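Below is the file run.cif, which contains mmCIF, C-alpha atoms.
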```
data_run
loop_
_atom_site.label_atom_id
_atom_site.label_comp_id
_atom_site.auth_asym_id
_atom_site.auth_seq_id
_atom_site.Cartn_x
_atom_site.Cartn_y
_atom_site.Cartn_z
CA MET A 1 -34.14 -1.05 -10.49
CA LYS A 2 -30.50 -1.93 -11.05
CA GLU A 3 -29.05 -2.74 -14.44
CA HIS A 4 -27.01 -5.93 -14.93
CA LEU A 5 -23.37 -5.47 -15.95
CA GLU A 6 -20.57 -7.93 -16.65
CA ALA A 7 -18.41 -9.02 -13.72
CA ALA A 8 -15.61 -6.54 -13.08
CA THR A 9 -13.44 -5.13 -10.30
CA THR A 10 -15.90 -2.50 -9.11
CA LEU A 11 -15.31 -2.60 -5.36
CA ALA A 12 -14.61 0.99 -4.38
CA PRO A 13 -13.14 3.02 -2.94
CA ILE A 14 -9.95 1.10 -2.33
CA PRO A 15 -6.62 2.27 -0.93
CA ALA A 16 -3.86 3.28 -3.30
CA VAL A 17 -0.56 2.29 -1.68
CA MET A 18 3.08 2.38 -2.67
CA VAL A 19 4.84 -0.89 -1.94
CA SER A 20 8.59 -0.62 -1.50
CA CYS A 21 10.88 -3.62 -1.77
CA GLY A 22 14.53 -4.52 -2.15
CA ASN A 23 17.09 -2.89 0.13
CA MET A 24 18.60 0.53 0.81
CA GLU A 25 21.09 0.13 -2.05
CA LYS A 26 18.71 -1.22 -4.70
CA ALA A 27 15.01 -0.66 -4.14
CA ASN A 28 11.82 -0.34 -6.12
CA ILE A 29 8.36 1.09 -5.58
CA THR A 30 5.18 -0.23 -7.14
CA THR A 31 1.73 1.27 -6.73
CA ILE A 32 -0.92 -1.25 -5.72
CA ALA A 33 -4.67 -0.86 -5.46
CA TRP A 34 -5.38 -4.56 -4.89
CA THR A 35 -4.55 -4.59 -1.18
CA GLY A 36 -6.23 -5.06 2.16
CA VAL A 37 -6.39 -6.72 5.56
CA LEU A 38 -6.79 -10.50 5.78
CA ASN A 39 -6.56 -11.30 9.48
CA SER A 40 -6.19 -9.74 12.94
CA GLU A 41 -4.21 -12.34 14.90
CA PRO A 42 -1.68 -12.69 13.48
CA PRO A 43 -2.00 -9.38 11.63
CA LEU A 44 -2.00 -10.28 7.93
CA VAL A 45 -2.34 -8.09 4.85
CA TYR A 46 -2.07 -8.76 1.16
CA VAL A 47 -0.93 -7.09 -2.03
CA SER A 48 -1.79 -8.60 -5.40
CA ILE A 49 0.89 -8.20 -8.07
CA ARG A 50 1.09 -9.32 -11.70
CA PRO A 51 3.97 -11.80 -12.20
CA SER A 52 5.31 -9.59 -15.02
CA ARG A 53 5.95 -6.65 -12.65
CA TYR A 54 9.50 -5.86 -11.59
CA SER A 55 8.65 -5.89 -7.86
CA TYR A 56 7.14 -9.37 -8.10
CA ASN A 57 10.47 -11.23 -8.15
CA ILE A 58 12.13 -8.82 -5.72
CA ILE A 59 9.49 -9.58 -3.07
CA LYS A 60 9.48 -13.28 -3.93
CA GLU A 61 13.26 -13.44 -3.38
CA THR A 62 13.64 -11.13 -0.34
CA LYS A 63 10.41 -12.31 1.33
CA GLU A 64 9.59 -8.85 2.68
CA PHE A 65 8.00 -5.57 1.63
CA VAL A 66 6.63 -2.32 3.02
CA ILE A 67 3.14 -1.01 2.35
CA ASN A 68 3.52 2.78 2.37
CA ILE A 69 0.22 4.65 2.58
CA PRO A 70 0.47 7.96 0.72
CA ASP A 71 -1.40 11.16 1.46
CA GLY A 72 -2.95 13.70 -0.88
CA ASP A 73 0.39 15.44 -1.43
CA LEU A 74 1.74 12.30 -3.13
CA VAL A 75 -0.84 11.70 -5.88
CA TRP A 76 1.64 12.38 -8.70
CA GLN A 77 4.30 10.10 -7.18
CA THR A 78 1.73 7.39 -6.51
CA ASP A 79 0.58 7.45 -10.13
CA PHE A 80 4.15 7.59 -11.46
CA CYS A 81 5.19 4.52 -9.46
CA GLY A 82 2.20 2.63 -10.84
CA THR A 83 2.68 3.56 -14.49
CA LYS A 84 6.48 3.33 -14.91
CA SER A 85 8.65 0.23 -14.61
CA GLY A 86 11.48 -0.07 -12.12
CA LYS A 87 13.28 -2.27 -14.66
CA GLU A 88 14.24 0.89 -16.53
CA ILE A 89 14.37 3.67 -13.92
CA ASP A 90 15.06 4.36 -10.26
CA LYS A 91 11.63 5.41 -9.00
CA PHE A 92 13.00 6.85 -5.76
CA LYS A 93 15.30 9.13 -7.77
CA GLU A 94 12.73 10.08 -10.42
CA THR A 95 10.01 10.94 -7.88
CA LYS A 96 12.43 12.53 -5.36
CA LEU A 97 11.03 10.22 -2.68
CA THR A 98 13.30 9.43 0.25
CA LYS A 99 14.38 5.93 1.24
CA GLU A 100 14.05 5.52 4.97
CA ALA A 101 15.43 2.57 6.92
CA SER A 102 12.59 0.41 8.18
CA SER A 103 12.36 -0.70 11.80
CA ILE A 104 12.54 -4.46 11.20
CA VAL A 105 12.65 -5.41 7.50
CA ASN A 106 15.49 -4.63 5.07
CA ALA A 107 13.16 -3.11 2.48
CA PRO A 108 13.17 0.67 2.78
CA SER A 109 10.12 2.68 3.74
CA ILE A 110 9.13 5.88 1.96
CA ALA A 111 9.82 8.80 4.33
CA GLU A 112 7.19 11.07 2.77
CA CYS A 113 4.33 8.61 3.35
CA PRO A 114 2.56 9.22 6.67
CA ILE A 115 2.18 5.49 7.40
CA SER A 116 4.42 2.53 6.59
CA ILE A 117 3.53 -1.10 7.31
CA GLU A 118 6.47 -3.50 7.35
CA CYS A 119 5.67 -7.04 6.25
CA LYS A 120 7.32 -10.45 6.11
CA LEU A 121 6.08 -12.62 3.25
CA LYS A 122 4.10 -15.65 4.49
CA GLU A 123 2.67 -17.06 1.28
CA ILE A 124 2.08 -16.40 -2.42
CA LYS A 125 -1.27 -17.50 -3.85
CA PRO A 126 -1.60 -17.61 -7.65
CA LEU A 127 -5.03 -16.25 -8.57
CA GLY A 128 -5.00 -15.62 -12.33
CA SER A 129 -3.91 -12.21 -13.62
CA HIS A 130 -2.31 -11.44 -10.22
CA ASP A 131 -0.69 -13.41 -7.43
CA MET A 132 -1.60 -12.54 -3.85
CA PHE A 133 1.38 -11.89 -1.59
CA ILE A 134 0.27 -12.49 2.00
CA GLY A 135 2.39 -10.60 4.49
CA GLU A 136 2.53 -10.67 8.26
CA ILE A 137 2.73 -7.18 9.70
CA VAL A 138 5.87 -6.95 11.84
CA SER A 139 5.90 -3.18 12.39
CA VAL A 140 3.70 -0.14 11.81
CA ASN A 141 5.32 3.29 11.65
CA ALA A 142 3.46 6.59 11.50
CA LYS A 143 4.33 10.26 11.53
CA LYS A 144 4.24 11.61 15.09
CA GLU A 145 1.56 14.19 14.34
CA LEU A 146 -0.89 11.39 13.48
CA ILE A 147 -0.48 9.50 16.76
CA GLU A 148 -3.01 10.20 19.50
CA ASN A 149 -3.30 8.10 22.65
CA GLY A 150 -1.04 5.43 21.16
CA LYS A 151 -3.12 5.02 17.98
CA ILE A 152 -3.02 6.47 14.49
CA ASN A 153 -5.68 9.10 13.87
CA LEU A 154 -6.40 8.12 10.26
CA ALA A 155 -8.80 11.04 9.81
CA LYS A 156 -5.79 13.38 9.99
CA ALA A 157 -3.76 11.42 7.44
CA ASN A 158 -5.43 12.77 4.26
CA LEU A 159 -5.05 9.36 2.58
CA ILE A 160 -5.49 8.61 -1.11
CA THR A 161 -8.17 6.22 -2.34
CA TYR A 162 -8.64 4.84 -5.84
CA LEU A 163 -12.03 4.78 -7.53
CA GLY A 164 -12.21 3.31 -11.01
CA ASN A 165 -9.30 5.06 -12.71
CA GLU A 166 -9.29 8.12 -10.48
CA TYR A 167 -7.62 9.10 -7.21
CA TYR A 168 -9.55 10.69 -4.37
CA VAL A 169 -8.67 12.21 -1.03
CA ALA A 170 -11.62 12.21 1.29
CA ASN A 171 -11.32 12.49 5.03
CA GLN A 172 -14.76 13.69 5.95
CA LYS A 173 -16.05 11.62 8.83
CA VAL A 174 -19.62 10.41 8.41
CA GLY A 175 -20.02 7.97 11.31
CA ASP A 176 -18.51 5.57 13.82
CA ARG A 177 -18.57 1.79 13.92
CA GLY A 178 -21.57 0.77 15.98
CA ILE A 179 -23.63 3.81 14.99
CA CYS A 180 -26.55 1.46 14.33
CA LEU A 181 -26.49 0.30 17.94
CA LYS A 182 -27.15 3.77 19.38
#
```
Just give me the structure as structure tokens.
Amino acid sequence: MKEHLEAATTLAPIPAVMVSCGNMEKANITTIAWTGVLNSEPPLVYVSIRPSRYSYNIIKETKEFVINIPDGDLVWQTDFCGTKSGKEIDKFKETKLTKEASSIVNAPSIAECPISIECKLKEIKPLGSHDMFIGEIVSVNAKKELIENGKINLAKANLITYLGNEYYVANQKVGDRGICLK
């Protein structure tokens, strides 16, 4: 029997991503766990950001951002970018992360992240504590060693997930989509 608890954000695991915004001269990084896919055609994703966060107005004004998906080697940097404010410090400098020119958008990507998803802002939806920034994916960039047959082999990426208040790296494959049909 299950025990009843109060409503809370208990969906898990969820990705922990570093969202970069601004431009090559003045950029910021914010760590986001409230993120995901919204639609396939056109390809839409979202990041939910508190209006008080420094990146909020940068994205609102520039209308673009990059979702950088970190691997297990970037746990410290991921946490740092989510617990420190870009109002006071240069997170690229403090974390020794490298700004990399993106393919289409002006916002820089993070070179150390194995996957970067460039987005153009389509809409902002106020939700309460956070506003949802809906972005159309305009480019996906991945490290060459992850690409097999024209697709990203995510199992090789060693990606970070967030569970409660903890980070995890788990790439053990346990099944394929459609396993129930076999």
Open item on the list: Here is a test: counting only C-alpha atoms, which residue of A:Asp73, A:Ala27, A:Lys60, A:Glu6 is nearest to Tyr167 (chain A)?
Closed with: A:Asp73
TODO: Compare A:Phe65, A:Tyr168, A:Phe133, A:Tyr46 by their minimum atom-to-atom distance to Ile104 (chain A), counting all atoms listed in the file, and give me the closest one.
DONE: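 Answer, going by the shortest atom-to-atom distance: A:Phe65.
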Open item on the list: I'd like the neighbourhood of Leu97 (chain A) as a PyMOL selection string, where a residue qualifies if any of its atoms comes within 8 Å (using only C-alpha atoms), though same-chain residues fewer than 5 positions away should be ignored.
Closed with: chain A and resi 91-92+110-112
Please, could you write that set of residues out with C-alpha atoms as a compact mmCIF listing (two decimals), keeping the file's coordinate frame?
```txt
# COMPACT_ATOMS: atom_id res chain seq x y z
CA LYS A 91 11.63 5.41 -9.00
CA PHE A 92 13.00 6.85 -5.76
CA ILE A 110 9.13 5.88 1.96
CA ALA A 111 9.82 8.80 4.33
CA GLU A 112 7.19 11.07 2.77
```
TODO: For region 7-13 of chain A, list every protein, DNA or RNA residue within 7 Å, evaluated using only C-alpha atoms, and leave out those in the same chain fewer than 3 positions away; present the list as a ChimeraX atom specification.
DONE: /A:161-163
Just C-alpha atoms for this one: save the residues we selected as a PDB file, in the coordinates of the input.
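Resulting contents of again.pdb:
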```pdb
ATOM      1  CA  THR A 161      -8.170   6.220  -2.340  1.00  0.00           C
ATOM      2  CA  TYR A 162      -8.640   4.840  -5.840  1.00  0.00           C
ATOM      3  CA  LEU A 163     -12.030   4.780  -7.530  1.00  0.00           C
TER       4      LEU A 163
END
```
Open item on the list: Could you check the closest approach to Ser116 (chain A) for each of A:Gln77, A:Ser20, A:Ser129, A:Ser85 and tell me which residue wins, using all atoms listed in the file?
Closed with: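 Closest to Ser116 (chain A), using all atoms listed in the file: A:Ser20.
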Task: Resolved residues for the PyMOL selection byres ((chain A and resi 143) around 12) as a PyMOL selection string - done: chain A and resi 68-71+110-116+140-142+144-148+151-154+156-157
Using C-alpha atoms, can you write the selected residues to a file as a PDB file, in the coordinates of the input?
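Contents of the output file selection.pdb:
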```
ATOM      1  CA  ASN A  68       3.520   2.780   2.370  1.00  0.00           C
ATOM      2  CA  ILE A  69       0.220   4.650   2.580  1.00  0.00           C
ATOM      3  CA  PRO A  70       0.470   7.960   0.720  1.00  0.00           C
ATOM      4  CA  ASP A  71      -1.400  11.160   1.460  1.00  0.00           C
ATOM      5  CA  ILE A 110       9.130   5.880   1.960  1.00  0.00           C
ATOM      6  CA  ALA A 111       9.820   8.800   4.330  1.00  0.00           C
ATOM      7  CA  GLU A 112       7.190  11.070   2.770  1.00  0.00           C
ATOM      8  CA  CYS A 113       4.330   8.610   3.350  1.00  0.00           C
ATOM      9  CA  PRO A 114       2.560   9.220   6.670  1.00  0.00           C
ATOM     10  CA  ILE A 115       2.180   5.490   7.400  1.00  0.00           C
ATOM     11  CA  SER A 116       4.420   2.530   6.590  1.00  0.00           C
ATOM     12  CA  VAL A 140       3.700  -0.140  11.810  1.00  0.00           C
ATOM     13  CA  ASN A 141       5.320   3.290  11.650  1.00  0.00           C
ATOM     14  CA  ALA A 142       3.460   6.590  11.500  1.00  0.00           C
ATOM     15  CA  LYS A 144       4.240  11.610  15.090  1.00  0.00           C
ATOM     16  CA  GLU A 145       1.560  14.190  14.340  1.00  0.00           C
ATOM     17  CA  LEU A 146      -0.890  11.390  13.480  1.00  0.00           C
ATOM     18  CA  ILE A 147      -0.480   9.500  16.760  1.00  0.00           C
ATOM     19  CA  GLU A 148      -3.010  10.200  19.500  1.00  0.00           C
ATOM     20  CA  LYS A 151      -3.120   5.020  17.980  1.00  0.00           C
ATOM     21  CA  ILE A 152      -3.020   6.470  14.490  1.00  0.00           C
ATOM     22  CA  ASN A 153      -5.680   9.100  13.870  1.00  0.00           C
ATOM     23  CA  LEU A 154      -6.400   8.120  10.260  1.00  0.00           C
ATOM     24  CA  LYS A 156      -5.790  13.380   9.990  1.00  0.00           C
ATOM     25  CA  ALA A 157      -3.760  11.420   7.440  1.00  0.00           C
TER      26      ALA A 157
END
```
- [ ] Extract, using all atoms listed in the file, all DNA, RNA and protein residues at most 8 Å from region 118-121 of chain A, discarding same-chain residues fewer than 4 positions from it, and format them as a ChimeraX atom specification.
- [x] /A:59-60,63-67,102-105,133-140
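Nearest to Gly86 (chain A) of all the residues A:Ser40, A:Ser55, A:Arg50, A:His130 is A:Ser55, counting only C-alpha atoms.
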Task: Length of the CA of Ser48 (chain A) to CA of Lys26 (chain A) vector [Å] - done: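 According to the coordinates, CA of Ser48 (chain A) and CA of Lys26 (chain A) are separated by 21.8 Å.
One finds CA of Val75 (chain A) at 7.3 Å from CA of Ile160 (chain A).
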Open item on the list: Just to confirm, what's the straight-line distance from CA of Cys81 (chain A) to CA of Ala155 (chain A) in Å (one decimal)?
Closed with: 24.7 Å
Task: Matched chain/residue IDs from the PyMOL selection byres ((chain A and resi 29) around 6), as a list in words - done: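 Written out, the selection comes to Val19, Ser20, Asn28 and Thr30 of chain A.
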Open item on the list: Please determine, counting only C-alpha atoms, which residue among A:Arg53, A:Asp79, A:Asn165, A:Lys122 has the shortest atom-to-atom distance to Val17 (chain A).
Closed with: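 Residue with the minimum atom-to-atom distance to Val17 (chain A): A:Asp79.
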Task: Top pick for closest residue to Ile49 (chain A), considering A:Ile89, A:Lys99, A:Thr62, A:Thr35 and counting all atoms listed in the file - done: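 The shortest atom-to-atom distance to Ile49 (chain A) comes from A:Thr35.
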TODO: Give as a VMD selection string each residue that has an atom at most 8 Å from (-7.4, 18.2, -1.2) in the file, counting all atoms listed in the file.
DONE: chain A and resid 72 158 169 to 170
